[in-house]
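Engineer: Structure supplied as upload_7.tsv; contents: TSV, C-alpha atoms.
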chain	number	residue	atom	x	y	z
S	10	MET	CA	106.39	-75.02	74.07
S	11	ASP	CA	106.59	-77.23	77.17
S	12	ASP	CA	109.95	-78.63	76.09
S	13	ILE	CA	111.31	-75.08	75.69
S	14	ARG	CA	109.93	-74.04	79.08
S	15	SER	CA	111.63	-76.98	80.82
S	16	SER	CA	114.82	-76.91	78.75
S	17	PRO	CA	118.33	-75.73	79.70
S	18	ASP	CA	117.30	-72.43	78.06
S	19	ARG	CA	114.91	-71.86	80.94
S	20	GLU	CA	117.57	-72.56	83.55
S	21	LEU	CA	120.04	-70.25	81.85
S	22	VAL	CA	117.53	-67.41	81.43
S	23	ASP	CA	116.36	-67.76	85.05
S	24	ALA	CA	119.98	-67.72	86.23
S	25	VAL	CA	120.75	-64.55	84.25
S	26	LEU	CA	117.57	-62.81	85.43
S	27	ALA	CA	118.39	-63.80	89.01
S	28	ASN	CA	121.83	-62.20	88.52
S	29	ARG	CA	123.64	-65.41	89.48
S	30	PRO	CA	127.42	-64.96	89.21
S	31	GLY	CA	128.77	-66.04	85.83
S	32	ALA	CA	125.32	-66.68	84.30
S	33	PHE	CA	125.43	-63.91	81.69
S	34	GLU	CA	129.00	-64.82	80.78
S	35	ARG	CA	127.80	-68.42	80.27
S	36	LEU	CA	124.97	-67.21	78.04
S	37	VAL	CA	127.38	-65.16	75.93
S	38	ARG	CA	129.80	-68.08	75.64
S	39	GLU	CA	126.96	-70.36	74.58
S	40	TYR	CA	125.71	-68.15	71.77
S	41	GLN	CA	128.67	-65.98	70.74
S	42	GLY	CA	129.57	-68.45	67.96
S	43	LEU	CA	126.09	-68.25	66.45
S	44	CYS	CA	126.05	-64.45	66.61
S	45	TRP	CA	129.53	-64.21	65.16
S	46	HIS	CA	128.64	-66.52	62.26
S	47	ILE	CA	125.48	-64.58	61.45
S	48	ILE	CA	126.98	-61.11	61.78
S	49	GLN	CA	130.35	-61.87	60.26
S	50	ARG	CA	128.73	-63.53	57.22
S	51	MET	CA	126.38	-60.58	56.85
S	52	VAL	CA	128.79	-57.64	57.21
S	53	ARG	CA	132.17	-59.27	56.32
S	54	HIS	CA	134.07	-56.63	58.25
S	55	PRO	CA	135.74	-58.06	61.41
S	56	GLU	CA	135.77	-54.84	63.45
S	57	ASP	CA	132.19	-53.96	62.58
S	58	ALA	CA	131.18	-57.56	63.25
S	59	ARG	CA	132.77	-57.45	66.74
S	60	ASP	CA	130.96	-54.20	67.57
S	61	LEU	CA	127.66	-55.60	66.30
S	62	CYS	CA	128.15	-58.79	68.33
S	63	GLN	CA	128.66	-56.66	71.41
S	64	GLU	CA	125.55	-54.64	70.54
S	65	THR	CA	123.61	-57.90	70.13
S	66	PHE	CA	124.48	-59.16	73.61
S	67	LEU	CA	123.84	-55.76	75.16
S	68	ARG	CA	120.37	-55.91	73.59
S	69	VAL	CA	119.93	-59.48	74.87
S	70	HIS	CA	120.92	-58.31	78.34
S	71	GLN	CA	118.48	-55.40	78.15
S	72	CYS	CA	115.53	-57.38	76.78
S	73	LEU	CA	115.95	-60.85	78.30
S	74	HIS	CA	113.00	-60.29	80.67
S	75	GLN	CA	110.83	-59.96	77.54
S	76	TYR	CA	111.79	-63.45	76.27
S	77	ARG	CA	108.60	-65.54	76.45
S	78	TYR	CA	109.94	-69.02	75.50
S	79	GLU	CA	107.85	-68.94	72.30
S	80	SER	CA	110.94	-70.11	70.38
S	81	ALA	CA	114.30	-71.59	71.36
S	82	LEU	CA	116.68	-69.11	73.02
S	83	LYS	CA	119.08	-69.79	70.13
S	84	SER	CA	116.48	-68.56	67.61
S	85	TRP	CA	115.60	-65.54	69.76
S	86	ILE	CA	119.24	-64.45	70.10
S	87	GLY	CA	119.93	-65.28	66.44
S	88	ARG	CA	117.01	-63.09	65.46
S	89	ILE	CA	118.46	-60.15	67.41
S	90	ALA	CA	121.90	-60.65	65.80
S	91	TYR	CA	120.35	-60.91	62.32
S	92	THR	CA	118.22	-57.80	62.81
S	93	ILE	CA	121.16	-55.76	64.07
S	94	ALA	CA	123.36	-56.85	61.13
S	95	LEU	CA	120.53	-56.18	58.68
S	96	ARG	CA	120.01	-52.67	60.04
S	97	HIS	CA	123.77	-52.03	59.78
S	98	LEU	CA	123.77	-53.05	56.10
S	99	GLN	CA	120.65	-51.02	55.36
S	100	HIS	CA	122.27	-48.01	57.00
S	101	LYS	CA	125.29	-48.48	54.72
S	102	ARG	CA	122.93	-48.99	51.72
S	103	ILE	CA	124.44	-52.38	50.91
S	104	PRO	CA	122.14	-54.59	48.76
S	105	LEU	CA	120.88	-57.44	50.95
S	106	MET	CA	119.74	-60.04	48.42
S	107	GLU	CA	119.14	-60.55	44.75
S	108	SER	CA	115.72	-61.09	43.22
S	109	ALA	CA	114.59	-64.52	42.08
S	110	ASP	CA	115.22	-65.47	38.46
S	111	GLY	CA	113.63	-68.83	37.67
S	112	ASP	CA	114.75	-68.76	34.02
S	113	MET	CA	118.39	-68.40	35.06
S	114	ASP	CA	117.99	-71.40	37.40
S	115	GLU	CA	116.61	-73.55	34.62
S	116	ALA	CA	119.41	-72.48	32.31
S	117	LEU	CA	121.99	-73.38	34.97
S	118	ILE	CA	120.41	-76.78	35.65
S	119	GLU	CA	120.53	-77.58	31.95
S	120	THR	CA	123.98	-76.22	31.16
S	121	ILE	CA	126.10	-77.35	34.11
S	122	GLY	CA	127.84	-80.48	33.01
S	123	ASP	CA	128.85	-83.58	34.96
S	124	GLY	CA	132.48	-83.67	33.89
S	125	PHE	CA	133.93	-83.33	37.35
S	126	ASP	CA	136.92	-85.00	38.92
S	127	LEU	CA	136.60	-84.72	42.70
S	128	GLU	CA	140.14	-85.75	43.54
S	129	THR	CA	141.61	-83.27	41.12
S	130	ALA	CA	139.33	-80.54	42.41
S	131	CYS	CA	140.14	-81.27	46.05
S	132	ALA	CA	143.83	-81.24	45.31
S	133	ASP	CA	143.49	-78.03	43.39
S	134	GLU	CA	143.82	-75.26	45.95
S	135	GLU	CA	142.97	-72.81	43.23
S	136	ALA	CA	139.53	-74.42	42.80
S	137	VAL	CA	138.90	-74.27	46.55
S	138	ARG	CA	139.93	-70.61	46.60
S	139	HIS	CA	137.56	-69.95	43.72
S	140	LEU	CA	134.77	-71.63	45.63
S	141	HIS	CA	135.38	-69.55	48.76
S	142	ALA	CA	135.55	-66.40	46.65
S	143	ALA	CA	132.25	-67.38	45.03
S	144	ILE	CA	130.67	-67.87	48.47
S	145	GLU	CA	131.99	-64.48	49.58
S	146	SER	CA	130.57	-62.81	46.49
S	147	LEU	CA	127.02	-63.95	47.24
S	148	PRO	CA	124.67	-61.26	48.58
S	149	PRO	CA	124.65	-61.00	52.43
S	150	VAL	CA	121.30	-62.68	53.04
S	151	GLN	CA	122.02	-65.67	50.78
S	152	ARG	CA	125.44	-66.06	52.41
S	153	THR	CA	123.91	-66.02	55.86
S	154	LEU	CA	121.18	-68.51	54.94
S	155	LEU	CA	123.84	-70.94	53.71
S	156	THR	CA	125.82	-70.44	56.93
S	157	LEU	CA	122.79	-71.12	59.12
S	158	TYR	CA	121.88	-74.20	57.07
S	159	TYR	CA	125.35	-75.74	56.80
S	160	LEU	CA	127.49	-74.42	59.63
S	161	GLU	CA	124.81	-74.05	62.31
S	162	GLU	CA	122.84	-77.01	60.94
S	163	MET	CA	119.56	-75.18	61.49
S	164	PRO	CA	116.43	-76.58	59.83
S	165	ILE	CA	114.50	-74.25	57.51
S	166	PRO	CA	111.71	-73.46	60.04
S	167	GLU	CA	114.32	-72.35	62.58
S	168	ILE	CA	116.10	-70.22	59.96
S	169	SER	CA	112.69	-68.73	59.27
S	170	ARG	CA	112.36	-67.76	62.93
S	171	VAL	CA	115.82	-66.14	62.88
S	172	THR	CA	115.47	-64.23	59.62
S	173	GLY	CA	111.72	-63.64	59.47
S	174	LEU	CA	111.71	-64.98	55.89
S	175	ALA	CA	109.10	-67.50	54.76
S	176	GLY	CA	110.21	-71.15	54.53
S	177	GLY	CA	109.58	-71.22	50.77
S	178	THR	CA	111.70	-68.10	50.26
S	179	ILE	CA	114.55	-69.64	52.26
S	180	LYS	CA	114.35	-72.87	50.27
S	181	SER	CA	114.40	-70.89	47.05
S	182	HIS	CA	117.45	-68.84	48.13
S	183	LEU	CA	119.32	-71.97	49.27
S	184	PHE	CA	118.54	-73.75	46.04
S	185	ARG	CA	119.62	-70.87	43.82
S	186	SER	CA	122.80	-70.12	45.79
S	187	ARG	CA	123.91	-73.76	45.72
S	188	LEU	CA	123.15	-74.08	42.04
S	189	ARG	CA	125.19	-71.01	41.23
S	190	LEU	CA	128.06	-72.10	43.47
S	191	ARG	CA	128.05	-75.46	41.73
S	192	GLY	CA	128.27	-73.58	38.45
S	193	ALA	CA	131.12	-71.48	39.81
S	194	LEU	CA	132.93	-74.64	40.89
S	195	GLU	CA	132.57	-76.06	37.40
S	196	THR	CA	133.71	-72.96	35.57
S	197	GLY	CA	136.21	-71.71	38.16
S	198	THR	CA	134.63	-68.27	38.21
S	199	GLY	CA	133.05	-66.17	40.97
S	200	VAL	CA	129.33	-65.56	41.45
S	201	ALA	CA	128.11	-62.11	40.61
S	202	ALA	CA	126.31	-60.37	43.52
F	19	MET	CA	105.74	-83.12	50.40
F	20	ILE	CA	109.34	-83.81	51.36
F	21	HIS	CA	111.13	-83.33	54.65
F	22	ASP	CA	114.36	-81.51	55.37
F	23	MET	CA	117.12	-82.90	57.55
F	24	ASN	CA	115.33	-82.27	60.83
F	25	ASP	CA	112.09	-83.80	59.60
F	26	GLU	CA	110.31	-80.47	59.26
F	27	PRO	CA	107.94	-80.23	56.28
F	28	VAL	CA	109.20	-78.27	53.26
F	29	GLN	CA	106.97	-77.62	50.26
F	30	PRO	CA	108.34	-79.08	47.01
F	31	PHE	CA	109.06	-76.85	44.01
F	32	ASP	CA	106.37	-76.76	41.33
F	33	ASP	CA	108.97	-77.47	38.65
F	34	ALA	CA	110.10	-81.13	38.58
F	35	ALA	CA	113.65	-80.35	37.36
F	36	ARG	CA	114.21	-77.84	40.18
F	37	GLU	CA	112.87	-80.29	42.74
F	38	ARG	CA	115.22	-83.03	41.46
F	39	GLU	CA	118.16	-80.64	41.72
F	40	TRP	CA	117.06	-79.62	45.24
F	41	LEU	CA	116.91	-83.26	46.33
F	42	ALA	CA	120.40	-83.80	44.91
F	43	GLN	CA	121.64	-80.82	46.93
F	44	GLU	CA	120.01	-82.18	50.09
F	45	THR	CA	121.37	-85.68	49.56
F	46	ALA	CA	124.89	-84.36	49.07
F	47	MET	CA	124.63	-82.23	52.23
F	48	ARG	CA	123.40	-85.24	54.22
F	49	ARG	CA	126.14	-87.53	52.86
F	50	GLU	CA	128.82	-84.96	53.65
F	51	ARG	CA	127.45	-84.40	57.15
F	52	LEU	CA	127.56	-88.16	57.79
F	53	HIS	CA	131.06	-88.44	56.24
F	54	LEU	CA	129.88	-91.19	53.90
F	55	ASP	CA	132.33	-92.62	51.35
F	56	PRO	CA	132.44	-90.19	48.38
F	57	HIS	CA	133.60	-92.78	45.88
F	58	HIS	CA	130.04	-94.06	45.39
F	59	ASP	CA	128.72	-90.55	44.60
F	60	ASP	CA	127.94	-89.30	41.11
F	61	ALA	CA	129.64	-86.17	39.75
F	62	ARG	CA	126.83	-83.83	40.78
F	63	THR	CA	126.79	-85.14	44.35
F	64	GLN	CA	130.59	-84.85	44.54
F	65	ARG	CA	130.37	-81.23	43.50
F	66	TYR	CA	127.68	-80.42	46.04
F	67	ARG	CA	129.63	-82.28	48.73
F	68	MET	CA	132.68	-80.15	48.02
F	69	LEU	CA	130.46	-77.12	48.34
F	70	ALA	CA	129.08	-78.46	51.65
F	71	ARG	CA	132.62	-78.88	52.97
F	72	ALA	CA	133.43	-75.26	52.15
F	73	LEU	CA	130.21	-73.99	53.70
F	74	ARG	CA	130.74	-75.94	56.91
F	75	GLN	CA	134.05	-74.20	57.55
F	76	ALA	CA	133.85	-71.58	60.30
F	77	PRO	CA	135.25	-68.10	59.49
F	78	GLU	CA	138.97	-67.74	60.16
F	79	GLU	CA	138.44	-64.51	62.10
F	80	ASN	CA	136.83	-64.93	65.50
F	81	LEU	CA	135.78	-63.01	68.58
F	82	PRO	CA	138.48	-62.39	71.22
F	83	PRO	CA	138.80	-65.31	73.69
F	84	ASP	CA	137.76	-63.12	76.64
F	85	PHE	CA	134.78	-61.56	74.80
F	86	ALA	CA	132.17	-63.13	77.10
F	87	ARG	CA	133.97	-62.21	80.31
F	88	GLN	CA	134.59	-58.62	79.24
F	89	LEU	CA	130.99	-58.18	78.21
F	90	ALA	CA	129.70	-59.65	81.49
F	91	VAL	CA	131.89	-57.22	83.45
F	92	GLN	CA	130.71	-54.33	81.28
F	93	VAL	CA	126.97	-54.90	81.64
F	94	GLY	CA	126.70	-55.64	85.37
F	95	PRO	CA	123.52	-57.07	86.94
F	96	VAL	CA	120.37	-57.53	84.88
F	97	ARG	CA	117.50	-55.18	85.67
F	98	ARG	CA	114.42	-57.36	85.93
F	99	ALA	CA	111.96	-54.63	85.00
F	100	SER	CA	113.36	-52.16	82.54
F	101	SER	CA	112.00	-48.66	82.11
F	102	ASP	CA	109.75	-49.66	79.19
F	103	ALA	CA	108.18	-52.40	81.29
F	104	ARG	CA	107.52	-49.89	84.06
F	105	ILE	CA	105.90	-47.52	81.54
F	106	GLU	CA	103.75	-50.40	80.28
F	107	LEU	CA	102.64	-51.16	83.86
F	108	ALA	CA	101.91	-47.50	84.55
F	109	LEU	CA	99.83	-47.27	81.36
F	110	ILE	CA	97.69	-50.15	82.60
F	111	VAL	CA	97.37	-49.15	86.28
F	112	LEU	CA	96.93	-45.36	86.01
F	113	PRO	CA	93.83	-45.36	83.77
F	114	GLY	CA	92.31	-48.00	86.09
F	115	ILE	CA	92.87	-45.78	89.14
F	116	ALA	CA	91.50	-42.74	87.25
F	117	LEU	CA	88.39	-44.74	86.30
F	118	VAL	CA	87.70	-45.85	89.89
F	119	VAL	CA	88.24	-42.32	91.27
F	120	GLY	CA	85.97	-40.88	88.56
F	121	LEU	CA	83.28	-43.45	89.38
F	122	ILE	CA	83.37	-42.55	93.11
F	123	VAL	CA	83.18	-38.81	92.34
F	124	VAL	CA	80.26	-39.25	89.91
F	125	THR	CA	78.41	-41.44	92.41
F	126	MET	CA	78.90	-38.87	95.18
F	127	LEU	CA	77.70	-35.99	92.96
F	128	TYR	CA	74.83	-37.55	91.05
F	129	GLY	CA	74.19	-40.83	92.87
F	130	SER	CA	71.03	-39.60	94.59
F	131	ASN	CA	69.39	-39.08	91.18
F	132	TRP	CA	69.72	-42.65	89.95
F	133	LEU	CA	70.58	-44.88	92.91
F	134	SER	CA	67.12	-44.72	94.52
F	135	PRO	CA	65.25	-45.50	91.23
F	136	MET	CA	67.64	-48.40	90.68
F	137	PHE	CA	66.90	-49.81	94.13
F	138	ALA	CA	63.18	-49.34	93.47
F	139	LEU	CA	63.47	-51.25	90.20
F	140	SER	CA	65.42	-54.09	91.81
F	141	GLN	CA	62.76	-54.74	94.51
F	142	PRO	CA	60.47	-56.87	92.27
F	143	ILE	CA	63.46	-58.95	91.17
F	144	VAL	CA	64.46	-59.62	94.77
F	145	ALA	CA	60.84	-60.39	95.64
F	146	SER	CA	60.58	-62.95	92.80
F	147	TRP	CA	63.64	-64.92	93.92
F	148	HIS	CA	61.48	-67.28	96.00
F	149	LEU	CA	60.00	-68.49	92.67
F	150	LEU	CA	63.44	-69.69	91.61
F	151	LEU	CA	63.87	-71.89	94.70
F	152	PRO	CA	61.61	-74.76	93.49
F	153	PHE	CA	63.42	-74.68	90.14
F	154	VAL	CA	66.86	-74.97	91.80
F	155	ALA	CA	65.49	-77.70	94.09
F	156	CYS	CA	64.31	-79.66	91.03
F	157	ILE	CA	67.78	-79.51	89.43
F	158	VAL	CA	69.51	-80.60	92.64
F	159	PHE	CA	67.00	-83.42	93.21
F	160	THR	CA	67.42	-84.68	89.59
F	161	GLY	CA	71.19	-84.65	89.97
F	162	LEU	CA	71.06	-86.60	93.23
F	163	LEU	CA	68.64	-89.11	91.75
F	164	ALA	CA	70.96	-89.73	88.80
F	165	ARG	CA	73.79	-90.55	91.23
F	166	VAL	CA	71.68	-92.79	93.43
F	167	ARG	CA	70.09	-94.88	90.62
F	168	PRO	CA	73.26	-96.51	89.20
F	169	SER	CA	74.38	-97.56	92.69
F	170	ALA	CA	70.89	-98.99	93.36
F	171	ARG	CA	71.12	-101.09	90.14
F	172	LYS	CA	74.43	-102.59	91.26
F	173	HIS	CA	72.78	-103.86	94.42
Show the structure stored in the file as structure tokens.

Structural biologist:
Amino acid sequence: MDDIRSSPDRELVDAVLANRPGAFERLVREYQGLCWHIIQRMVRHPEDARDLCQETFLRVHQCLHQYRYESALKSWIGRIAYTIALRHLQHKRIPLMESADGDMDEALIETIGDGFDLETACADEEAVRHLHAAIESLPPVQRTLLTLYYLEEMPIPEISRVTGLAGGTIKSHLFRSRLRLRGALETGTGVAA
Amino acid sequence: MIHDMNDEPVQPFDDAAREREWLAQETAMRRERLHLDPHHDDARTQRYRMLARALRQAPEENLPPDFARQLAVQVGPVRRASSDARIELALIVLPGIALVVGLIVVTMLYGSNWLSPMFALSQPIVASWHLLLPFVACIVFTGLLARVRPSARKH
């Protein structure tokens, strides 16, 4: 906790709370990418995502005095963005994630072959499009976990702090999503949500 | 137990085949992140690396370039203590004040009934304090002696 308390997070939070000119704008600039990635991957609707990003930072502005440095500021803000996006999806009754199916995983591990030509696949724009479509067709939570793990390069414990999911659950979701995307890449089909 | 990319502990899967597949996924992600030569990778790693490349791409849509500035103008200065914090403070302070006031009122109304017996009861305790003095003196003396003895040995 000492490293968090003495980190740039502390300076930034103190500056915002002291109403120093430009401090809140700096905070937004610093974390708008993270919020956008989380919310956009969750809701997949640009206008809604923009509104929810705005709502996230308004909440950050309102509650920053309650931030206790118990986690990195990035995780704290990410948690707010994730919660707001989650609530939005729940309000719209959109399924958030799929249940675990260990048997299906085993079947996929056994059936996916190794006949893969990387150069051909890379050159094949159709295959890349298929892959992106398969990523888009994943349920919102799985999609967001992959984004946090790959794009934001967050370790599993930090993703756990953002999403409130247990580390084992996150690992399981990442594993299953990647396995199914690998299968989609092989067969050139999308992944059912 | 294995470790993920940032050296945080992650519990392995119970099933060996799943764990092997997980490790292959992690290796491919690491190799893609480090831009290592893909020609030495097996087919499975190549596939997972292609997946990693797709997942590392940021969304094409983005927030407006002036999003941060507009938001900063919109919100204005931060209020250090918001209304809920003030309510929280009031909920702590007000019962305390009510308790103190109640205690003073009760003492003024009924104090004569129990204050004088309390003082009467405390007299023997006050009177017996002089018995504690030799005990305290013993402790102090022992402590001083313990400090003096080591220095005496040195000489």

Engineer: Of the candidates S:Thr153, S:Thr196, S:Ser181, S:Thr65, which shows the shortest atom-to-atom distance to Leu73 of chain F, using all atoms listed in the file?

Structural biologist: S:Thr153

Engineer: Using all atoms listed in the file, determine which residues lie at most 8 Å from Ser186 of chain S, disregarding the query and same-chain residues fewer than 4 positions distant; provide the list as an MDAnalysis selection string.

Structural biologist: chainID S and resid 147 151 182 190

Engineer: Can you pull out every residue within 12 Å of Glu79 of chain F, counting only C-alpha atoms, but drop anything in the same chain fewer than 4 positions away, and send it as an MDAnalysis selection string?

Structural biologist: (chainID S and resid 42 45:46 48:50 53:56 58:59) or (chainID F and resid 75 83)

Engineer: Wanna dump the chain S-chain F contacts at 8 Å for me, each residue with its shortest atom pair and the distance in Å to one decimal, counting all atoms listed in the file, ordered by chain and number, as a Markdown table?

Structural biologist:
| residue | atom | partner | partner_atom | distance |
| --- | --- | --- | --- | --- |
| S:Val25 | CA | F:Val96 | CA | 7.1 |
| S:Leu26 | CA | F:Val96 | CA | 6.0 |
| S:Ala27 | CA | F:Val96 | CA | 7.8 |
| S:Asn28 | CA | F:Pro95 | CA | 5.6 |
| S:Gly31 | CA | F:Ala90 | CA | 7.8 |
| S:Phe33 | CA | F:Ala90 | CA | 6.0 |
| S:Glu34 | CA | F:Ala86 | CA | 5.1 |
| S:Arg35 | CA | F:Ala86 | CA | 7.6 |
| S:Val37 | CA | F:Ala86 | CA | 5.3 |
| S:Arg38 | CA | F:Ala86 | CA | 5.7 |
| S:Gln41 | CA | F:Ala86 | CA | 7.8 |
| S:Trp45 | CA | F:Leu81 | CA | 7.2 |
| S:His46 | CA | F:Pro77 | CA | 7.3 |
| S:Gln49 | CA | F:Pro77 | CA | 8.0 |
| S:Pro55 | CA | F:Glu79 | CA | 7.0 |
| S:Arg59 | CA | F:Leu81 | CA | 6.6 |
| S:Gln63 | CA | F:Leu89 | CA | 7.3 |
| S:Leu67 | CA | F:Val93 | CA | 7.2 |
| S:His70 | CA | F:Val96 | CA | 6.6 |
| S:Gln71 | CA | F:Val96 | CA | 7.3 |
| S:His74 | CA | F:Arg98 | CA | 6.2 |
| S:Asp114 | CA | F:Arg36 | CA | 8.0 |
| S:Glu115 | CA | F:Arg36 | CA | 7.4 |
| S:Ile118 | CA | F:Glu39 | CA | 7.5 |
| S:Asp123 | CA | F:Ala61 | CA | 5.5 |
| S:Gly124 | CA | F:Ala61 | CA | 7.0 |
| S:Phe125 | CA | F:Ala61 | CA | 5.7 |
| S:Asp126 | CA | F:Ala61 | CA | 7.4 |
| S:Leu127 | CA | F:Gln64 | CA | 6.3 |
| S:Cys131 | CA | F:Met68 | CA | 7.8 |
| S:Val137 | CA | F:Ala72 | CA | 7.9 |
| S:Leu140 | CA | F:Leu69 | CA | 7.5 |
| S:His141 | CA | F:Ala72 | CA | 6.9 |
| S:Leu155 | CA | F:Leu73 | CA | 7.1 |
| S:Thr156 | CA | F:Leu73 | CA | 6.5 |
| S:Tyr159 | CA | F:Arg74 | CA | 5.4 |
| S:Leu160 | CA | F:Arg74 | CA | 4.5 |
| S:Pro164 | CA | F:Asn24 | CA | 5.9 |
| S:Ile165 | CA | F:Asp22 | CA | 7.6 |
| S:Pro166 | CA | F:Glu26 | CA | 7.2 |
| S:Gly176 | CA | F:Val28 | CA | 7.3 |
| S:Gly177 | CA | F:Gln29 | CA | 6.9 |
| S:Phe184 | CA | F:Trp40 | CA | 6.1 |
| S:Arg187 | CA | F:Gln43 | CA | 7.5 |
| S:Leu190 | CA | F:Leu69 | CA | 7.4 |
| S:Arg191 | CA | F:Arg65 | CA | 6.5 |
| S:Leu194 | CA | F:Arg65 | CA | 7.5 |

Engineer: Quote the spacing between atom CA of Trp85 of chain S and atom CA of Val150 of chain S in Å to one decimal place.

Structural biologist: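 Computing the Euclidean distance for atom CA of Trp85 of chain S and atom CA of Val150 of chain S yields 17.9 Å.
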
Engineer: If we count all atoms listed in the file, what is near Ser84 of chain S at a cut-off of 10 Å, once residues fewer than 3 positions away on the same chain are taken out, given as a list in words?

Structural biologist: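 After dropping sequence-adjacent residues, the list is Leu43, Glu79, Ser80, Ala81, Gly87, Arg88, Ile89, Ala90, Met163, Glu167, Ile168, Ser169, Arg170, Val171 and Thr172 of chain S.
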
Engineer: Can you tell me which residues surround Ala94 of chain S at a distance of at most 8 Å, considering only C-alpha atoms, apart from same-chain residues fewer than 5 positions away, and format the answer as a compact mmCIF listing (two decimals) with C-alpha atoms, keeping the file's coordinate frame?

Structural biologist:
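Saved as part_1.txt:
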# COMPACT_ATOMS: atom_id res chain seq x y z
CA ILE S 48 126.98 -61.11 61.78
CA MET S 51 126.38 -60.58 56.85
CA VAL S 52 128.79 -57.64 57.21
CA LEU S 61 127.66 -55.60 66.30

Engineer: Interatomic distance between atom CA of Asp57 of chain S and atom CA of Glu161 of chain S?

Structural biologist: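 Calculated distance between atom CA of Asp57 of chain S and atom CA of Glu161 of chain S is 21.4 Å.
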